[in-house]
Amino acid sequence: VIPRVCLTFDVDGPFLWLGTFGTRGLQGLSRGEYEVRVGLPRVLALLREKGVPATFFVPGRFAESYPELVREIAAGPHEVAAHGYNHERWSELPREAEAKVLDRSISALADCLGTRPRGFRAPAFDLNPWSIRLLVDAGFAYDSSLMGDDFTPYRPRLDDTPSDEGPLRFGDPAPMLEFPVSWELDDFPYFAHTGRNPGLRSAHEVGSLWFEEWEFARSVPEAVYTLTLHPQVIGRGPRIRMLGELIDRIRAGGPVTFSTLSQSLDAAGTLEQAAGDHRL
Ligand SMILES: [Zn+2]
């Protein structure tokens, strides 16, 4: 089976700063402005040049604020999927509130595009113990927020119970697929400078790390190599150039399929065939 590469872009705009970081100054708004004016157009141009489809995770409020931009993404070979409404601090949402936010994020994308998203990624990858059940109830076919494998999709479990003592309890596999993510394959910790994260690593160094991960991934049966990228981060000159070179290096090394996560899900056949064995 030909290994797959799924480039995923979290189109957070200013909502990462307003929601997750809770900032109210103009810096956060201007970092979102950079994404909309500079980063995202560069990302779309690169994908067009290379002929690569990608999955874009878009907060509902971004779709309400920049509907034309989201329709432009969806007009390409790309997939638009859900990423919260205001890029909330997901782990601080009580269950009832989370269900409402999820609804709102779906309807904002549906109003903008006329179709419901098939996939979800939690802002900052922060799912709650009950989130997988809410995602199944909301009709999602896949999630891409968890870290239980590196390159093998698996079925996330319903109602896993984090606890402070005694043997851990794990729930039953959910009728959906998980495309696992990792901080290693995310541009944010390497590059984005925030109060807590130094970031600002060299593009060359990070490109080498990501290519080393790929060299291992391609030997994994039915691998899906999922990169998590942010247009406001990866869009800077040396970084977008590095991403283009990474695509070329991956292609030069042998057969590979670049696809959206939704296409990977469809190619996987039944959930039972697709999933790595994660019964615990
Ligand atoms: Zn995000």
# chains A, B, ... in the order shown; residues from 1 in each chain; ligands from 1
call {"tool": "residues_near_ligand", "arguments": {"ligand": "ligand 1", "cutoff": "10 Å", "atoms": "only C-alpha atoms and all ligand atoms", "output": "list in words"}}
result
Phe9, Asp10, Val11, Asp12, Gly13, Phe15, Leu16, Trp17, Gly19, Thr20, Phe57, Val58, Pro59, His83, Gly84, Asn86, His87, Glu88, Arg121, Ala122, Pro123, Ala124, Phe125, Phe188, Thr228, Leu229 and His230 of chain A
call {"tool": "write_last_selection", "arguments": {"atoms": "C-alpha atoms", "output": "CSV table (one decimal), in the first residue's frame"}}
result
chain,number,residue,atom,x,y,z
A,9,PHE,CA,-3.8,23.5,8.1
A,10,ASP,CA,-5.5,25.0,11.2
A,11,VAL,CA,-6.9,28.3,10.0
A,12,ASP,CA,-7.1,29.9,13.4
A,13,GLY,CA,-6.9,33.5,12.3
A,15,PHE,CA,-9.4,33.3,17.2
A,16,LEU,CA,-6.4,31.3,18.5
A,17,TRP,CA,-5.4,34.5,20.4
A,19,GLY,CA,-10.0,32.1,22.5
A,20,THR,CA,-7.2,29.9,23.6
A,57,PHE,CA,-9.6,23.0,10.1
A,58,VAL,CA,-11.6,26.2,10.4
A,59,PRO,CA,-13.2,27.7,13.6
A,83,HIS,CA,-12.2,23.4,14.7
A,84,GLY,CA,-14.4,24.8,17.4
A,86,ASN,CA,-14.1,30.7,18.8
A,87,HIS,CA,-11.0,28.4,19.1
A,88,GLU,CA,-12.2,27.8,22.7
A,121,ARG,CA,-9.9,18.8,15.4
A,122,ALA,CA,-10.0,20.2,18.9
A,123,PRO,CA,-8.4,23.6,19.4
A,124,ALA,CA,-4.9,22.9,20.9
A,125,PHE,CA,-5.7,19.1,20.5
A,188,PHE,CA,3.5,25.8,16.3
A,228,THR,CA,-0.4,20.1,11.5
A,229,LEU,CA,0.4,23.5,10.1
A,230,HIS,CA,-0.9,27.0,10.8
call {"tool": "residues_around", "arguments": {"residues": "Arg104 (chain A)", "least_positions_apart": "5", "cutoff": "12 Å", "atoms": "only C-alpha atoms", "output": "tab-separated table (two decimals) with all heavy atoms, in the first residue's frame"}}
result
chain	number	residue	atom	x	y	z
A	59	PRO	N	-12.23	27.34	12.52
A	59	PRO	CA	-13.20	27.69	13.55
A	59	PRO	C	-14.44	28.33	12.93
A	59	PRO	O	-14.33	29.07	11.94
A	59	PRO	CB	-12.45	28.72	14.42
A	59	PRO	CG	-11.00	28.51	14.13
A	59	PRO	CD	-10.94	28.03	12.70
A	60	GLY	N	-15.62	28.05	13.50
A	60	GLY	CA	-16.87	28.59	12.96
A	60	GLY	C	-16.84	30.09	12.83
A	60	GLY	O	-17.33	30.66	11.84
A	61	ARG	N	-16.26	30.76	13.81
A	61	ARG	CA	-16.24	32.23	13.79
A	61	ARG	C	-15.36	32.76	12.66
A	61	ARG	O	-15.58	33.87	12.17
A	61	ARG	CB	-15.73	32.73	15.15
A	61	ARG	CG	-16.29	34.04	15.54
A	61	ARG	CD	-15.86	34.45	16.93
A	61	ARG	NE	-15.98	35.89	17.05
A	61	ARG	CZ	-15.32	36.62	17.93
A	61	ARG	NH1	-14.47	36.04	18.77
A	61	ARG	NH2	-15.48	37.92	17.98
A	63	ALA	N	-15.22	31.30	9.72
A	63	ALA	CA	-16.09	31.20	8.54
A	63	ALA	C	-17.11	32.33	8.51
A	63	ALA	O	-17.47	32.83	7.44
A	63	ALA	CB	-16.78	29.84	8.50
A	64	GLU	N	-17.59	32.75	9.70
A	64	GLU	CA	-18.53	33.88	9.75
A	64	GLU	C	-17.84	35.20	9.40
A	64	GLU	O	-18.45	36.09	8.83
A	64	GLU	CB	-19.14	33.99	11.15
A	64	GLU	CG	-20.11	32.88	11.48
A	64	GLU	CD	-20.66	32.97	12.89
A	64	GLU	OE1	-20.20	33.83	13.68
A	64	GLU	OE2	-21.54	32.16	13.23
A	82	ALA	N	-14.05	20.97	10.90
A	82	ALA	CA	-14.42	21.82	12.05
A	82	ALA	C	-13.29	21.94	13.07
A	82	ALA	O	-12.49	21.01	13.27
A	82	ALA	CB	-15.67	21.26	12.71
A	83	HIS	N	-13.25	23.09	13.74
A	83	HIS	CA	-12.16	23.39	14.69
A	83	HIS	C	-12.67	24.32	15.79
A	83	HIS	O	-12.04	25.33	16.10
A	83	HIS	CB	-11.01	24.03	13.90
A	83	HIS	CG	-9.69	24.11	14.63
A	83	HIS	ND1	-9.17	23.08	15.37
A	83	HIS	CD2	-8.79	25.12	14.72
A	83	HIS	CE1	-8.00	23.46	15.88
A	83	HIS	NE2	-7.75	24.69	15.51
A	84	GLY	N	-13.86	23.96	16.37
A	84	GLY	CA	-14.44	24.81	17.40
A	84	GLY	C	-15.14	26.02	16.80
A	84	GLY	O	-15.23	26.15	15.57
A	85	TYR	N	-15.68	26.88	17.65
A	85	TYR	CA	-16.33	28.10	17.15
A	85	TYR	C	-15.39	29.31	17.31
A	85	TYR	O	-15.01	29.94	16.35
A	85	TYR	CB	-17.65	28.35	17.89
A	85	TYR	CG	-18.30	29.63	17.42
A	85	TYR	CD1	-18.91	29.70	16.17
A	85	TYR	CD2	-18.26	30.78	18.21
A	85	TYR	CE1	-19.46	30.88	15.71
A	85	TYR	CE2	-18.82	31.97	17.76
A	85	TYR	CZ	-19.41	32.02	16.51
A	85	TYR	OH	-19.95	33.20	16.06
A	86	ASN	N	-14.96	29.58	18.53
A	86	ASN	CA	-14.07	30.72	18.80
A	86	ASN	C	-12.68	30.24	19.20
A	86	ASN	O	-12.00	30.90	19.96
A	86	ASN	CB	-14.68	31.57	19.94
A	86	ASN	CG	-13.94	32.88	20.14
A	86	ASN	OD1	-13.53	33.53	19.19
A	86	ASN	ND2	-13.76	33.27	21.41
A	87	HIS	N	-12.27	29.05	18.70
A	87	HIS	CA	-11.01	28.44	19.15
A	87	HIS	C	-10.96	28.43	20.69
A	87	HIS	O	-10.02	28.92	21.32
A	87	HIS	CB	-9.79	29.16	18.57
A	87	HIS	CG	-8.59	28.26	18.40
A	87	HIS	ND1	-7.77	27.92	19.45
A	87	HIS	CD2	-8.10	27.63	17.31
A	87	HIS	CE1	-6.82	27.12	19.00
A	87	HIS	NE2	-6.99	26.93	17.71
A	97	ALA	N	-21.99	22.70	27.51
A	97	ALA	CA	-21.48	23.84	26.74
A	97	ALA	C	-20.72	23.35	25.51
A	97	ALA	O	-20.84	23.93	24.43
A	97	ALA	CB	-20.58	24.70	27.62
A	98	GLU	N	-19.97	22.27	25.68
A	98	GLU	CA	-19.20	21.75	24.55
A	98	GLU	C	-20.14	21.29	23.43
A	98	GLU	O	-19.88	21.56	22.25
A	98	GLU	CB	-18.31	20.58	24.99
A	98	GLU	CG	-17.48	20.03	23.84
A	98	GLU	CD	-16.58	18.87	24.24
A	98	GLU	OE1	-16.29	18.72	25.45
A	98	GLU	OE2	-16.17	18.13	23.34
A	99	ALA	N	-21.24	20.63	23.80
A	99	ALA	CA	-22.19	20.18	22.78
A	99	ALA	C	-22.74	21.37	21.99
A	99	ALA	O	-22.90	21.31	20.77
A	99	ALA	CB	-23.32	19.39	23.43
A	109	LEU	N	-20.02	26.47	9.54
A	109	LEU	CA	-19.39	25.95	8.31
A	109	LEU	C	-20.45	25.56	7.29
A	109	LEU	O	-20.30	25.82	6.09
A	109	LEU	CB	-18.49	24.75	8.62
A	109	LEU	CG	-17.22	25.02	9.45
A	109	LEU	CD1	-16.41	23.75	9.60
A	109	LEU	CD2	-16.38	26.11	8.82
A	110	ALA	N	-21.55	24.95	7.78
A	110	ALA	CA	-22.62	24.53	6.86
A	110	ALA	C	-23.26	25.76	6.21
A	110	ALA	O	-23.56	25.74	5.00
A	110	ALA	CB	-23.66	23.70	7.60
A	111	ASP	N	-23.46	26.84	6.98
A	111	ASP	CA	-24.04	28.07	6.40
A	111	ASP	C	-23.13	28.65	5.34
A	111	ASP	O	-23.58	29.20	4.33
A	111	ASP	CB	-24.27	29.12	7.49
A	111	ASP	CG	-25.43	28.75	8.42
A	111	ASP	OD1	-26.16	27.79	8.08
A	111	ASP	OD2	-25.58	29.39	9.47
A	116	ARG	N	-21.98	19.88	5.55
A	116	ARG	CA	-21.51	19.66	6.92
A	116	ARG	C	-20.10	19.10	6.91
A	116	ARG	O	-19.75	18.29	6.06
A	116	ARG	CB	-22.41	18.65	7.64
A	116	ARG	CG	-23.77	19.21	8.06
A	116	ARG	CD	-24.65	18.07	8.56
A	116	ARG	NE	-24.15	17.48	9.79
A	116	ARG	CZ	-24.52	17.90	11.01
A	116	ARG	NH1	-25.38	18.90	11.13
A	116	ARG	NH2	-24.04	17.33	12.09
A	138	ALA	N	-22.71	14.02	17.00
A	138	ALA	CA	-22.84	15.14	16.06
A	138	ALA	C	-22.63	14.69	14.62
A	138	ALA	O	-22.72	15.50	13.69
A	138	ALA	CB	-21.85	16.25	16.41
call {"tool": "residues_around", "arguments": {"residues": "region 236-246 of chain A", "least_positions_apart": "4", "cutoff": "7 Å", "atoms": "only C-alpha atoms", "output": "list of chain:residue names"}}
result
A:Gly39, A:Leu46, A:Ala203, A:His204, A:Gly207, A:Phe211, A:Ile250
call {"tool": "write_last_selection", "arguments": {"atoms": "all heavy atoms", "output": "short mmCIF file (atom, residue, chain, number, x, y, z; two decimals), in the first residue's frame"}}
result
data_model
loop_
_atom_site.label_atom_id
_atom_site.label_comp_id
_atom_site.auth_asym_id
_atom_site.auth_seq_id
_atom_site.Cartn_x
_atom_site.Cartn_y
_atom_site.Cartn_z
N GLY A 39 -0.30 34.72 5.04
CA GLY A 39 0.00 33.30 5.22
C GLY A 39 -0.88 32.39 4.40
O GLY A 39 -0.40 31.51 3.67
N LEU A 46 1.10 27.66 -2.83
CA LEU A 46 2.04 26.53 -2.82
C LEU A 46 1.32 25.23 -3.16
O LEU A 46 1.81 24.42 -3.96
CB LEU A 46 2.72 26.41 -1.44
CG LEU A 46 3.65 25.21 -1.32
CD1 LEU A 46 4.94 25.42 -2.10
CD2 LEU A 46 3.98 24.90 0.15
N ALA A 203 14.01 27.18 9.90
CA ALA A 203 13.17 26.38 9.01
C ALA A 203 13.93 25.15 8.52
O ALA A 203 13.36 24.05 8.40
CB ALA A 203 12.71 27.23 7.83
N HIS A 204 15.22 25.32 8.26
CA HIS A 204 16.04 24.23 7.74
C HIS A 204 16.08 23.06 8.74
O HIS A 204 15.90 21.90 8.36
CB HIS A 204 17.45 24.77 7.50
CG HIS A 204 18.37 23.76 6.91
ND1 HIS A 204 18.31 23.40 5.59
CD2 HIS A 204 19.35 23.01 7.48
CE1 HIS A 204 19.23 22.47 5.36
NE2 HIS A 204 19.87 22.21 6.49
N GLY A 207 12.66 21.35 8.93
CA GLY A 207 12.46 20.56 7.71
C GLY A 207 13.19 19.22 7.80
O GLY A 207 12.67 18.18 7.39
N PHE A 211 11.47 15.52 7.80
CA PHE A 211 11.84 14.53 6.79
C PHE A 211 12.31 13.23 7.45
O PHE A 211 11.99 12.14 6.97
CB PHE A 211 12.93 15.08 5.86
CG PHE A 211 13.18 14.17 4.68
CD1 PHE A 211 12.23 14.03 3.68
CD2 PHE A 211 14.36 13.44 4.60
CE1 PHE A 211 12.44 13.16 2.61
CE2 PHE A 211 14.58 12.58 3.53
CZ PHE A 211 13.63 12.44 2.53
N ILE A 250 9.88 14.41 -0.37
CA ILE A 250 9.01 13.24 -0.11
C ILE A 250 8.66 12.56 -1.43
O ILE A 250 8.72 11.34 -1.56
CB ILE A 250 7.75 13.68 0.67
CG1 ILE A 250 8.12 14.01 2.13
CG2 ILE A 250 6.66 12.62 0.60
CD1 ILE A 250 6.98 14.58 2.96
#
call {"tool": "select_by_dssp", "arguments": {"residues": "region 65-272 of chain A", "states": "strand (DSSP E or B)", "output": "list in words"}}
result
Glu79, Val80, Ala81, Ala82, Gly119, Phe120, Tyr142, Asp143, Tyr154, Arg157, Thr161, Arg169, Pro173, Leu177, Glu178, Asp186, Val224, Tyr225, Thr226, Leu227, Thr228, Leu229, Thr257 and Phe258 of chain A
call {"tool": "select_by_dssp", "arguments": {"residues": "region 177-209 of chain A", "states": "alpha helix (DSSP H)", "output": "JSON, numbers by chain"}}
result
{"A": [187, 188, 189, 190, 191, 203, 204, 205, 206, 207, 208, 209]}
call {"tool": "residues_around", "arguments": {"residues": "Leu44 (chain A)", "least_positions_apart": "3", "cutoff": "12 Å", "atoms": "only C-alpha atoms", "output": "PyMOL selection string"}}
result
chain A and resi 7+9+11+35-41+47-56+69-70+72-78+231+234-235+240+244
call {"tool": "atom_distance", "arguments": {"atom1": "CA of Asp186 (chain A)", "atom2": "CA of Thr257 (chain A)"}}
result
20.0 Å
call {"tool": "atom_distance", "arguments": {"atom1": "CA of Phe191 (chain A)", "atom2": "CA of Gln27 (chain A)"}}
result
16.7 Å
call {"tool": "closest_residue", "arguments": {"among": "A:Phe151, A:Arg196, A:Ser264, A:Trp130", "to": "Glu213 (chain A)", "atoms": "only C-alpha atoms"}}
result
A:Phe151
call {"tool": "decode", "arguments": {"residues": "region 200-232 of chain A", "atoms": "N, CA and C atoms", "output": "JSON list (two decimals), in the first residue's frame"}}
result
[["chain", "number", "residue", "atom", "x", "y", "z"],
["A", 200, "LEU", "N", 10.69, 30.06, 17.16],
["A", 200, "LEU", "CA", 11.69, 30.74, 16.34],
["A", 200, "LEU", "C", 12.87, 29.88, 15.94],
["A", 201, "ARG", "N", 12.63, 28.56, 15.75],
["A", 201, "ARG", "CA", 13.70, 27.68, 15.28],
["A", 201, "ARG", "C", 13.91, 27.90, 13.77],
["A", 202, "SER", "N", 15.05, 27.41, 13.30],
["A", 202, "SER", "CA", 15.32, 27.63, 11.87],
["A", 202, "SER", "C", 14.48, 26.67, 11.02],
["A", 203, "ALA", "N", 14.01, 27.18, 9.90],
["A", 203, "ALA", "CA", 13.17, 26.38, 9.01],
["A", 203, "ALA", "C", 13.93, 25.15, 8.52],
["A", 204, "HIS", "N", 15.22, 25.32, 8.26],
["A", 204, "HIS", "CA", 16.04, 24.23, 7.74],
["A", 204, "HIS", "C", 16.08, 23.06, 8.74],
["A", 205, "GLU", "N", 16.28, 23.41, 10.02],
["A", 205, "GLU", "CA", 16.37, 22.39, 11.07],
["A", 205, "GLU", "C", 15.05, 21.62, 11.18],
["A", 206, "VAL", "N", 13.94, 22.36, 11.17],
["A", 206, "VAL", "CA", 12.62, 21.71, 11.33],
["A", 206, "VAL", "C", 12.29, 20.87, 10.10],
["A", 207, "GLY", "N", 12.66, 21.35, 8.93],
["A", 207, "GLY", "CA", 12.46, 20.56, 7.71],
["A", 207, "GLY", "C", 13.19, 19.22, 7.80],
["A", 208, "SER", "N", 14.40, 19.22, 8.38],
["A", 208, "SER", "CA", 15.16, 17.97, 8.56],
["A", 208, "SER", "C", 14.44, 17.04, 9.52],
["A", 209, "LEU", "N", 13.94, 17.59, 10.63],
["A", 209, "LEU", "CA", 13.22, 16.76, 11.61],
["A", 209, "LEU", "C", 11.99, 16.11, 10.96],
["A", 210, "TRP", "N", 11.24, 16.90, 10.20],
["A", 210, "TRP", "CA", 10.02, 16.37, 9.59],
["A", 210, "TRP", "C", 10.36, 15.32, 8.52],
["A", 211, "PHE", "N", 11.47, 15.52, 7.80],
["A", 211, "PHE", "CA", 11.84, 14.53, 6.79],
["A", 211, "PHE", "C", 12.31, 13.23, 7.45],
["A", 212, "GLU", "N", 13.02, 13.33, 8.58],
["A", 212, "GLU", "CA", 13.41, 12.11, 9.32],
["A", 212, "GLU", "C", 12.17, 11.33, 9.77],
["A", 213, "GLU", "N", 11.14, 12.04, 10.25],
["A", 213, "GLU", "CA", 9.89, 11.38, 10.65],
["A", 213, "GLU", "C", 9.27, 10.67, 9.44],
["A", 214, "TRP", "N", 9.31, 11.33, 8.29],
["A", 214, "TRP", "CA", 8.75, 10.73, 7.07],
["A", 214, "TRP", "C", 9.53, 9.48, 6.66],
["A", 215, "GLU", "N", 10.85, 9.52, 6.77],
["A", 215, "GLU", "CA", 11.65, 8.36, 6.38],
["A", 215, "GLU", "C", 11.27, 7.13, 7.21],
["A", 216, "PHE", "N", 10.91, 7.35, 8.46],
["A", 216, "PHE", "CA", 10.41, 6.23, 9.26],
["A", 216, "PHE", "C", 8.97, 5.88, 8.85],
["A", 217, "ALA", "N", 8.13, 6.90, 8.70],
["A", 217, "ALA", "CA", 6.71, 6.68, 8.41],
["A", 217, "ALA", "C", 6.51, 5.82, 7.17],
["A", 218, "ARG", "N", 7.33, 6.04, 6.15],
["A", 218, "ARG", "CA", 7.09, 5.33, 4.89],
["A", 218, "ARG", "C", 7.29, 3.83, 5.01],
["A", 219, "SER", "N", 7.98, 3.39, 6.09],
["A", 219, "SER", "CA", 8.17, 1.94, 6.30],
["A", 219, "SER", "C", 7.01, 1.34, 7.12],
["A", 220, "VAL", "N", 6.11, 2.18, 7.61],
["A", 220, "VAL", "CA", 4.97, 1.69, 8.41],
["A", 220, "VAL", "C", 3.85, 1.28, 7.45],
["A", 221, "PRO", "N", 3.30, 0.04, 7.58],
["A", 221, "PRO", "CA", 2.21, -0.35, 6.67],
["A", 221, "PRO", "C", 1.02, 0.60, 6.78],
["A", 222, "GLU", "N", 0.48, 1.01, 5.65],
["A", 222, "GLU", "CA", -0.71, 1.88, 5.59],
["A", 222, "GLU", "C", -0.53, 3.17, 6.39],
["A", 223, "ALA", "N", 0.67, 3.72, 6.32],
["A", 223, "ALA", "CA", 0.96, 4.94, 7.08],
["A", 223, "ALA", "C", 0.16, 6.13, 6.56],
["A", 224, "VAL", "N", -0.29, 6.95, 7.50],
["A", 224, "VAL", "CA", -0.80, 8.29, 7.17],
["A", 224, "VAL", "C", 0.06, 9.27, 7.96],
["A", 225, "TYR", "N", 0.86, 10.03, 7.24],
["A", 225, "TYR", "CA", 1.78, 11.01, 7.85],
["A", 225, "TYR", "C", 1.05, 12.35, 7.87],
["A", 226, "THR", "N", 0.63, 12.78, 9.06],
["A", 226, "THR", "CA", -0.21, 13.97, 9.18],
["A", 226, "THR", "C", 0.59, 15.12, 9.78],
["A", 227, "LEU", "N", 0.79, 16.18, 9.00],
["A", 227, "LEU", "CA", 1.45, 17.38, 9.50],
["A", 227, "LEU", "C", 0.38, 18.40, 9.91],
["A", 228, "THR", "N", 0.55, 19.01, 11.09],
["A", 228, "THR", "CA", -0.35, 20.06, 11.54],
["A", 228, "THR", "C", 0.33, 21.42, 11.36],
["A", 229, "LEU", "N", -0.24, 22.25, 10.50],
["A", 229, "LEU", "CA", 0.40, 23.52, 10.13],
["A", 229, "LEU", "C", -0.59, 24.67, 10.33],
["A", 230, "HIS", "N", -0.05, 25.85, 10.57],
["A", 230, "HIS", "CA", -0.86, 27.04, 10.77],
["A", 230, "HIS", "C", -0.41, 28.09, 9.76],
["A", 231, "PRO", "N", -1.31, 28.57, 8.89],
["A", 231, "PRO", "CA", -0.89, 29.54, 7.87],
["A", 231, "PRO", "C", -0.19, 30.78, 8.46],
["A", 232, "GLN", "N", -0.57, 31.20, 9.67],
["A", 232, "GLN", "CA", 0.09, 32.38, 10.24],
["A", 232, "GLN", "C", 1.50, 32.06, 10.71]]
